[in-house]
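**Q** Take a look at this one; I'll ask things after.
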Amino acid sequence: MAQMLLLLLLLAAPTVPAEAAATASTPTLVFLLAGQSNMGGRGGATNGTWDGVVPPACAPSPRILRLSPSLRWEEAREPLHAGIDLHNVLGVGPGMPFAHALLRSWRRSGRRPAVVGLVPCAQGATPIASWSRGTPLYDRMLARARAAVARGPATRLAALLWYQGEADTIRRQDADAYTPRMEALVRDVRRDLGMPDLLVIQVGLATGQGRFVDIVREAQRRVSLRNVRYVDAKGLPVANDYTHLTTPAQVKLGNMLAAAYMAATHTH
């Protein structure tokens, strides 16, 4: 059953035409974007349809690529998780503003900007148990990570950006188990990718689907593995569904994630 679900996840979206893929360059720095709906992006999309608003911080750029559902590099654009975060109305997430913030920082410092490769992997309404080693979501994330760096040594996996946990606020036993489950996920990803020091930046919850938000937030802060950074989304503007970040909030979060990455790698 798990294998069948993975196959459906990998094949559900239409493929990108070869001629379109051929126009995209290869990124030099690659970032995995995983978790649930606030990573997938619901900015402007909480009333049944996406409003189509793309702020400048989320605009397409030839220096920002995304790995498509068919594992081809293409110019990234909103909704970034189209064809990945399945069966949901998608909008703006943190990935595009994150990439733009990196490019701006490199330009200010006089450094030639890299080509940023974003690898969307998030799926809405998924508890962390659905991301454990051997699950369809875990296997899909690793398959996409490997495909992203398969072009050669010039392409490097730089970090995993992780925003998840809202679904684990529903049941007390899931909230209580969050720290060891998150630590196991980080260890497994690092081992399976052969990257023992892979940077992981996790986002502290702004909201939740249940009443144990504070327990999960505390569990997130207790993750004590090396090279795991924490960015807190609490206080960012939330849409009228009381769960999802607004478009301006996602832009702010993208900037916060970029600042955390630059601080962790000393690339100011």
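For the structure tokens, the naming scheme is as follows: chains receive sequential letters (A, B, ...) according to their order of presentation, residues are indexed from 1 within each chain, and ligands are indexed from 1 in presentation order.
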Can you tell me which residues surround range 158-164 of chain A at a distance of at most 8 Å, considering only C-alpha atoms, apart from same-chain residues fewer than 5 positions away, and format the answer as a PyMOL selection string?
**A** chain A and resi 29-39+126-128+198-205+257
**Q** Fewer than 4 positions away in the same chain doesn't count, so skip those; otherwise give me all residues within 7 Å of range 168-182 of chain A, counting only C-alpha atoms, as a tab-separated table (two decimals) with N, CA, C and O atoms, in the first residue's frame.
**A**
```
chain	number	residue	atom	x	y	z
A	127	PRO	N	1.03	14.65	9.77
A	127	PRO	CA	1.77	14.59	11.02
A	127	PRO	C	3.20	14.14	10.77
A	127	PRO	O	3.52	13.57	9.72
A	186	VAL	N	15.76	13.88	11.39
A	186	VAL	CA	17.00	14.55	11.01
A	186	VAL	C	18.13	13.54	10.88
A	186	VAL	O	18.89	13.55	9.90
A	208	GLY	N	-1.87	25.91	15.11
A	208	GLY	CA	-2.01	24.46	15.14
A	208	GLY	C	-3.43	24.06	14.84
A	208	GLY	O	-4.34	24.88	14.81
A	209	GLN	N	-3.61	22.77	14.61
A	209	GLN	CA	-4.93	22.24	14.33
A	209	GLN	C	-5.62	21.73	15.58
A	209	GLN	O	-6.78	21.34	15.52
A	210	GLY	N	-4.92	21.72	16.69
A	210	GLY	CA	-5.48	21.24	17.95
A	210	GLY	C	-5.09	22.13	19.10
A	210	GLY	O	-4.61	23.25	18.92
A	211	ARG	N	-5.25	21.60	20.31
A	211	ARG	CA	-5.05	22.43	21.51
A	211	ARG	C	-3.69	22.24	22.18
A	211	ARG	O	-3.46	22.79	23.26
A	212	PHE	N	-2.79	21.51	21.52
A	212	PHE	CA	-1.49	21.25	22.13
A	212	PHE	C	-0.37	21.99	21.40
A	212	PHE	O	0.76	21.48	21.29
A	213	VAL	N	-0.68	23.19	20.94
A	213	VAL	CA	0.31	23.97	20.19
A	213	VAL	C	1.53	24.26	21.05
A	213	VAL	O	2.68	24.11	20.60
A	215	ILE	N	2.76	22.69	23.54
A	215	ILE	CA	3.56	21.50	23.81
A	215	ILE	C	4.44	21.18	22.60
A	215	ILE	O	5.63	20.85	22.74
A	216	VAL	N	3.88	21.28	21.39
A	216	VAL	CA	4.68	21.01	20.20
A	216	VAL	C	5.75	22.08	20.03
A	216	VAL	O	6.90	21.78	19.68
A	219	ALA	N	8.47	21.26	22.26
A	219	ALA	CA	9.17	20.08	21.73
A	219	ALA	C	10.09	20.46	20.59
A	219	ALA	O	11.19	19.91	20.46
A	220	GLN	N	9.67	21.39	19.75
A	220	GLN	CA	10.54	21.85	18.66
A	220	GLN	C	11.81	22.50	19.22
A	220	GLN	O	12.91	22.27	18.71
A	222	ARG	N	13.23	21.85	21.94
A	222	ARG	CA	14.08	20.88	22.65
A	222	ARG	C	14.95	20.05	21.72
A	222	ARG	O	15.82	19.31	22.20
A	223	VAL	N	14.73	20.12	20.42
A	223	VAL	CA	15.58	19.37	19.49
A	223	VAL	C	17.02	19.86	19.67
A	223	VAL	O	17.31	21.05	19.50
```
**Q** Calculated over only C-alpha atoms, which of the candidates A:Asn255, A:Thr265, A:Thr246, A:Thr155 has the smallest distance to Arg104 in chain A?
**A**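 Looking at the shortest contact to Arg104 in chain A, the residue is A:Asn255.
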**Q** Sort by chain and increasing residue number a table of all residues of range 136-227 of chain A within 12 Å of range 70-87 of chain A, each with its closest pair of atoms and their distance in Å to one decimal, counting only C-alpha atoms, and write it as a tab-separated table.
**A**
```
residue	atom	partner	partner_atom	distance
A:Leu137	CA	A:Ile84	CA	10.5
A:Arg140	CA	A:Ile84	CA	10.0
A:Met141	CA	A:Ile84	CA	10.5
A:Ala143	CA	A:Leu71	CA	9.2
A:Arg144	CA	A:Leu71	CA	6.8
A:Ala145	CA	A:Leu71	CA	9.7
A:Arg146	CA	A:Leu71	CA	9.9
A:Ala147	CA	A:Leu71	CA	6.5
A:Ala148	CA	A:Leu71	CA	7.5
A:Val149	CA	A:Leu71	CA	10.8
A:Ala150	CA	A:Leu71	CA	10.5
A:Arg151	CA	A:Trp73	CA	10.5
```
**Q** Store the residues of this selection in a file with N, CA, C and O atoms, as a short mmCIF file (atom, residue, chain, number, x, y, z; two decimals), in the first residue's frame.
**A**
```
data_model
loop_
_atom_site.label_atom_id
_atom_site.label_comp_id
_atom_site.auth_asym_id
_atom_site.auth_seq_id
_atom_site.Cartn_x
_atom_site.Cartn_y
_atom_site.Cartn_z
N LEU A 137 6.13 9.78 1.90
CA LEU A 137 6.59 11.16 1.88
C LEU A 137 8.10 11.24 2.10
O LEU A 137 8.79 12.04 1.46
N ARG A 140 9.78 9.99 -1.09
CA ARG A 140 9.68 10.98 -2.16
C ARG A 140 10.67 12.12 -1.93
O ARG A 140 11.34 12.57 -2.86
N MET A 141 10.77 12.60 -0.68
CA MET A 141 11.70 13.69 -0.37
C MET A 141 13.14 13.28 -0.69
O MET A 141 13.88 14.06 -1.30
N ALA A 143 14.14 10.91 -2.77
CA ALA A 143 14.29 10.73 -4.22
C ALA A 143 14.46 12.08 -4.91
O ALA A 143 15.29 12.23 -5.83
N ARG A 144 13.72 13.07 -4.47
CA ARG A 144 13.83 14.41 -5.06
C ARG A 144 15.17 15.05 -4.68
O ARG A 144 15.79 15.74 -5.50
N ALA A 145 15.62 14.84 -3.46
CA ALA A 145 16.92 15.39 -3.05
C ALA A 145 18.04 14.80 -3.89
O ALA A 145 18.94 15.52 -4.35
N ARG A 146 18.00 13.51 -4.11
CA ARG A 146 19.05 12.87 -4.90
C ARG A 146 19.00 13.32 -6.35
O ARG A 146 20.05 13.54 -6.97
N ALA A 147 17.80 13.44 -6.89
CA ALA A 147 17.68 13.91 -8.28
C ALA A 147 18.20 15.33 -8.42
O ALA A 147 18.78 15.69 -9.44
N ALA A 148 18.01 16.15 -7.38
CA ALA A 148 18.40 17.56 -7.45
C ALA A 148 19.90 17.74 -7.57
O ALA A 148 20.36 18.70 -8.18
N VAL A 149 20.67 16.84 -6.98
CA VAL A 149 22.14 16.99 -6.99
C VAL A 149 22.81 16.01 -7.95
O VAL A 149 24.03 15.88 -7.95
N ALA A 150 22.01 15.35 -8.79
CA ALA A 150 22.55 14.32 -9.67
C ALA A 150 23.31 14.89 -10.86
O ALA A 150 23.97 14.14 -11.57
N ARG A 151 23.21 16.22 -11.09
CA ARG A 151 23.86 16.80 -12.27
C ARG A 151 25.38 16.90 -12.13
O ARG A 151 26.07 17.14 -13.10
#
```
**Q** With only C-alpha atoms as the atoms that count, which of A:Ala206, A:Leu185, A:Ala114, A:Val119 lies nearest to Gly95 in chain A?
**A**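 Among the listed residues, the smallest separation from Gly95 in chain A belongs to A:Val119.
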**Q** Just how far from CA of Pro97 in chain A is CA of Thr46 in chain A, in Å to one decimal?
**A**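 Separating CA of Thr46 in chain A from CA of Pro97 in chain A is a distance of 19.5 Å.
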**Q** Write out as a list of chain:residue names the set of residues from range 65-102 of chain A that DSSP, computed on the backbone, places in alpha helix (DSSP H).
**A**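 Of range 65-102 of chain A, the ones in alpha helix (DSSP H) are A:Gly95, A:Met96, A:Pro97, A:Phe98, A:Ala99, A:His100, A:Ala101, A:Leu102.
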**Q** May I ask for the distance between CA of Ala125 in chain A and CA of Gly165 in chain A, given in Å to one decimal place?
**A** 9.1 Å
**Q** What's the 8 Å shell around Pro237 in chain A, counting only C-alpha atoms, without same-chain residues fewer than 4 positions away, as a ChimeraX atom specification?
**A** /A:245-246,248-249
**Q** State, in Å with one decimal place, the distance from CA of Ala154 in chain A to CA of Thr28 in chain A.
**A**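 Calculated distance between CA of Ala154 in chain A and CA of Thr28 in chain A is 5.8 Å.
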**Q** Excluding same-chain residues fewer than 2 positions from Gly43 in chain A, what lies within 7 Å of it counting only C-alpha atoms, as a ChimeraX atom specification?
**A** /A:41,45,91-93,245-247,250
**Q** Smallest atom-to-atom distance to Asn240 in chain A: which of A:Ser224, A:Pro27, A:Leu253, A:Arg42, using only C-alpha atoms?
**A**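 Residue with the minimum atom-to-atom distance to Asn240 in chain A: A:Arg42.
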**Q** Would you mind listing what lies within 7 Å of Cys58 in chain A as a PyMOL selection string, with only C-alpha atoms counted and same-chain residues fewer than 3 positions away left out?
**A** chain A and resi 54-55+96-97
**Q** May I have all residues of range 161-246 of chain A that DSSP, computed from the backbone, assigns to strand (DSSP E or B), given as a PyMOL selection string?
**A** chain A and resi 161-163+199-204+228-232+238+245
**Q** Go through A:Val89, A:Ala167, A:Ala99, A:Leu65 and flag the residue nearest Asn47 in chain A, using only C-alpha atoms for the distances.
**A**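 Once distances to Asn47 in chain A are computed over only C-alpha atoms, the minimum belongs to A:Val89.
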**Q** I want to know what sits within 10 Å of Asp192 in chain A, based on only C-alpha atoms, with residues of the same chain fewer than 5 positions away left out; could you give that as a PyMOL selection string?
**A** chain A and resi 133+142+187
